[in-house]
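J.: Data: coords-v3.tsv, TSV, C-alpha atoms.
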```tsv
chain	number	residue	atom	x	y	z
A	4	MET	CA	-12.30	4.82	13.19
A	5	SER	CA	-11.28	1.45	14.61
A	6	ASP	CA	-7.71	0.82	15.67
A	7	GLN	CA	-7.49	-2.10	13.24
A	8	LEU	CA	-8.57	0.07	10.31
A	9	LYS	CA	-6.02	2.74	11.29
A	10	ARG	CA	-3.29	0.07	11.40
A	11	ASN	CA	-4.38	-1.35	8.02
A	12	ILE	CA	-4.35	2.08	6.38
A	13	GLY	CA	-0.96	2.80	7.90
A	14	LEU	CA	0.52	-0.48	6.67
A	15	ARG	CA	-0.80	0.14	3.19
A	16	VAL	CA	0.56	3.69	3.10
A	17	LYS	CA	3.97	2.47	4.24
A	18	ALA	CA	4.08	-0.42	1.77
A	19	ALA	CA	3.10	1.79	-1.15
A	20	ARG	CA	5.51	4.55	-0.10
A	21	THR	CA	8.46	2.20	0.17
A	22	GLN	CA	7.53	0.52	-3.12
A	23	LYS	CA	7.69	3.95	-4.78
A	24	GLY	CA	11.09	4.54	-3.16
A	25	LEU	CA	9.94	7.53	-1.13
A	26	THR	CA	10.99	8.41	2.41
A	27	GLN	CA	8.49	9.68	4.96
A	28	PRO	CA	9.86	13.24	4.63
A	29	GLN	CA	9.58	13.07	0.83
A	30	LEU	CA	5.96	11.93	0.97
A	31	ALA	CA	5.19	14.53	3.62
A	32	GLU	CA	6.69	17.28	1.47
A	33	ALA	CA	4.74	16.11	-1.57
A	34	ILE	CA	1.45	16.49	0.32
A	35	ASP	CA	2.52	19.58	2.31
A	36	LYS	CA	2.43	17.88	5.73
A	37	ALA	CA	4.98	17.33	8.49
A	38	PHE	CA	6.86	14.02	8.26
A	39	GLU	CA	5.56	13.22	11.75
A	40	THR	CA	2.09	13.11	10.20
A	41	ILE	CA	3.19	10.34	7.84
A	42	SER	CA	4.95	8.51	10.67
A	43	ASN	CA	1.83	8.61	12.85
A	44	ILE	CA	-0.37	7.40	9.99
A	45	GLU	CA	1.98	4.53	9.11
A	46	ARG	CA	2.19	3.40	12.73
A	47	GLY	CA	-1.61	3.46	13.03
A	48	LYS	CA	-1.45	6.13	15.73
A	49	THR	CA	-3.66	8.57	13.83
A	50	ALA	CA	-6.08	8.25	10.95
A	51	PRO	CA	-5.68	10.60	8.02
A	52	ASN	CA	-8.63	12.73	7.03
A	53	PHE	CA	-10.02	12.14	3.55
A	54	SER	CA	-8.21	15.12	2.08
A	55	THR	CA	-4.84	13.90	3.34
A	56	LEU	CA	-5.54	10.33	2.24
A	57	TYR	CA	-6.59	11.60	-1.19
A	58	ASP	CA	-3.30	13.50	-1.49
A	59	ILE	CA	-1.31	10.44	-0.37
A	60	ALA	CA	-3.14	8.23	-2.87
A	61	ASN	CA	-2.39	10.67	-5.69
A	62	VAL	CA	1.32	10.87	-4.88
A	63	LEU	CA	1.58	7.09	-4.58
A	64	GLY	CA	-0.48	6.49	-7.71
A	65	LEU	CA	-3.17	4.42	-5.99
A	66	PRO	CA	-6.94	4.58	-5.94
A	67	MET	CA	-8.25	5.48	-2.48
A	68	ARG	CA	-10.12	2.17	-2.26
A	69	GLU	CA	-6.74	0.43	-1.81
A	70	PHE	CA	-6.63	1.80	1.74
A	71	PHE	CA	-10.06	0.48	2.71
A	72	ASP	CA	-10.06	-3.12	1.49
A	73	VAL	CA	-11.54	-4.65	4.65
A	74	ASP	CA	-11.54	-8.20	3.29
A	75	ASP	CA	-7.86	-8.38	4.25
A	76	ALA	CA	-8.50	-7.37	7.88
A	77	ASP	CA	-7.83	-10.88	9.23
A	78	ILE	CA	-4.50	-11.50	7.51
A	79	SER	CA	-1.14	-10.86	9.13
A	80	ASP	CA	0.56	-7.50	8.87
A	81	ALA	CA	3.50	-9.06	7.01
A	82	ARG	CA	1.23	-10.70	4.42
A	83	GLN	CA	-0.71	-7.46	4.01
A	84	ARG	CA	2.53	-5.58	3.31
A	85	LEU	CA	3.56	-8.20	0.75
A	86	LEU	CA	0.20	-8.05	-1.00
A	87	MET	CA	0.30	-4.26	-1.12
A	88	GLN	CA	3.84	-4.30	-2.53
A	89	ALA	CA	2.85	-6.87	-5.15
A	90	ASN	CA	-0.23	-4.86	-6.11
A	91	SER	CA	1.81	-1.69	-6.47
A	92	MET	CA	4.43	-3.48	-8.57
A	93	ILE	CA	1.80	-5.05	-10.81
A	94	SER	CA	0.16	-1.71	-11.52
A	95	ASP	CA	3.46	-0.49	-13.03
A	96	MET	CA	3.89	-3.48	-15.38
A	97	ASP	CA	3.17	-3.50	-19.08
A	98	ASP	CA	1.14	-6.28	-20.74
A	99	ARG	CA	4.21	-8.38	-21.60
A	100	GLN	CA	5.44	-8.27	-18.00
A	101	LEU	CA	1.98	-9.13	-16.67
A	102	ASN	CA	1.82	-12.13	-18.98
A	103	LEU	CA	5.21	-13.34	-17.73
A	104	LEU	CA	4.09	-12.85	-14.13
A	105	LEU	CA	0.97	-14.93	-14.74
A	106	LYS	CA	3.06	-17.73	-16.24
A	107	LEU	CA	5.37	-17.64	-13.23
A	108	GLY	CA	2.36	-17.77	-10.93
A	109	GLN	CA	1.03	-20.83	-12.74
A	110	VAL	CA	4.39	-22.60	-12.36
A	111	LEU	CA	4.43	-21.76	-8.64
A	112	GLN	CA	0.89	-23.09	-8.19
A	113	GLU	CA	1.76	-26.31	-10.00
A	114	ASP	CA	4.79	-26.70	-7.72
A	115	GLN	CA	2.47	-26.75	-4.67
A	116	GLY	CA	0.57	-29.80	-5.89
```
Could you render the structure as structure tokens?
T.:
Amino acid sequence: MSDQLKRNIGLRVKAARTQKGLTQPQLAEAIDKAFETISNIERGKTAPNFSTLYDIANVLGLPMREFFDVDDADISDARQRLLMQANSMISDMDDRQLNLLLKLGQVLQEDQG
């Protein structure tokens, strides 16, 4: 696995974990791993096997594909974290909240022009 892909997976795990309000030890306990395992994954030092990534995805409430979206490989780490946090937040919204978010987005886009 490429170093960039390991870093991307790690950033996405960290962003989703923090969005859910979990610490590394809490996530590690939920998937029956040492917290060092989560730390190494989030720092891009090691790549999780599919079983571990599946368990992480289940605890964080994400589809596994979220960790492999390679279209975002060229964006900054900070932007990638923000996008992951926004995506996680959006998935928890009801229809009314999503509608309000879309309206806010339209106002922000109009403000750019």
J.: Kindly assemble as a tab-separated table a list of the segment 33-69 of chain A residues that lie within 12 Å of segment 95-102 of chain A, each paired with its nearest atom pair and their distance in Å to one decimal, using all atoms listed in the file, sorted first by chain and then by ascending residue number.
T.:
```
residue	atom	partner	partner_atom	distance
A:Leu63	CA	A:Asp95	CA	11.5
A:Gly64	CA	A:Asp95	CA	9.6
A:Leu65	CA	A:Asp95	CA	10.8
```
J.: Give me, as a PyMOL selection string, all polymer residues having an atom no more than 10 Å from Glu69 of chain A, counting only C-alpha atoms and skipping those fewer than 5 positions away in the same chain.
T.: chain A and resi 12+15-16+19+60+87+90-91
J.: Just to be explicit: take each residue in the selection above, keep C-alpha atoms, and write the result as a PDB file, keeping the file's coordinate frame.
T.:
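Listing of part.pdb after writing:
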```pdb
ATOM      1  CA  ILE A  12      -4.350   2.080   6.380  1.00  0.00           C
ATOM      2  CA  ARG A  15      -0.800   0.140   3.190  1.00  0.00           C
ATOM      3  CA  VAL A  16       0.560   3.690   3.100  1.00  0.00           C
ATOM      4  CA  ALA A  19       3.100   1.790  -1.150  1.00  0.00           C
ATOM      5  CA  ALA A  60      -3.140   8.230  -2.870  1.00  0.00           C
ATOM      6  CA  MET A  87       0.300  -4.260  -1.120  1.00  0.00           C
ATOM      7  CA  ASN A  90      -0.230  -4.860  -6.110  1.00  0.00           C
ATOM      8  CA  SER A  91       1.810  -1.690  -6.470  1.00  0.00           C
TER       9      SER A  91
END
```
J.: Lys36 of chain A: which residues within 12 Å, counting only C-alpha atoms, same-chain residues fewer than 3 positions away excluded, as a ChimeraX atom specification?
T.: /A:27-33,39-44,51,54-56,58-59
J.: Considering all atoms listed in the file, return as a PyMOL selection string whatever protein or nucleic-acid residues lie within 12 Å of Asp80 of chain A, sequence-local ones (same chain, fewer than 4 positions apart) excluded.
T.: chain A and resi 7-8+10-15+17-18+46-47+75-76+84-87
J.: Between atom CA of Met67 of chain A and atom CA of Gly108 of chain A, what distance in Å does the model show, to one decimal?
T.: 26.9 Å
J.: One decimal, in Å: what's the spacing between atom CA of Gln83 of chain A and atom CA of Leu103 of chain A?
T.: 23.3 Å
J.: Just how far from atom CA of Ser94 of chain A is atom CA of Asp114 of chain A, in Å to one decimal?
T.: 25.7 Å
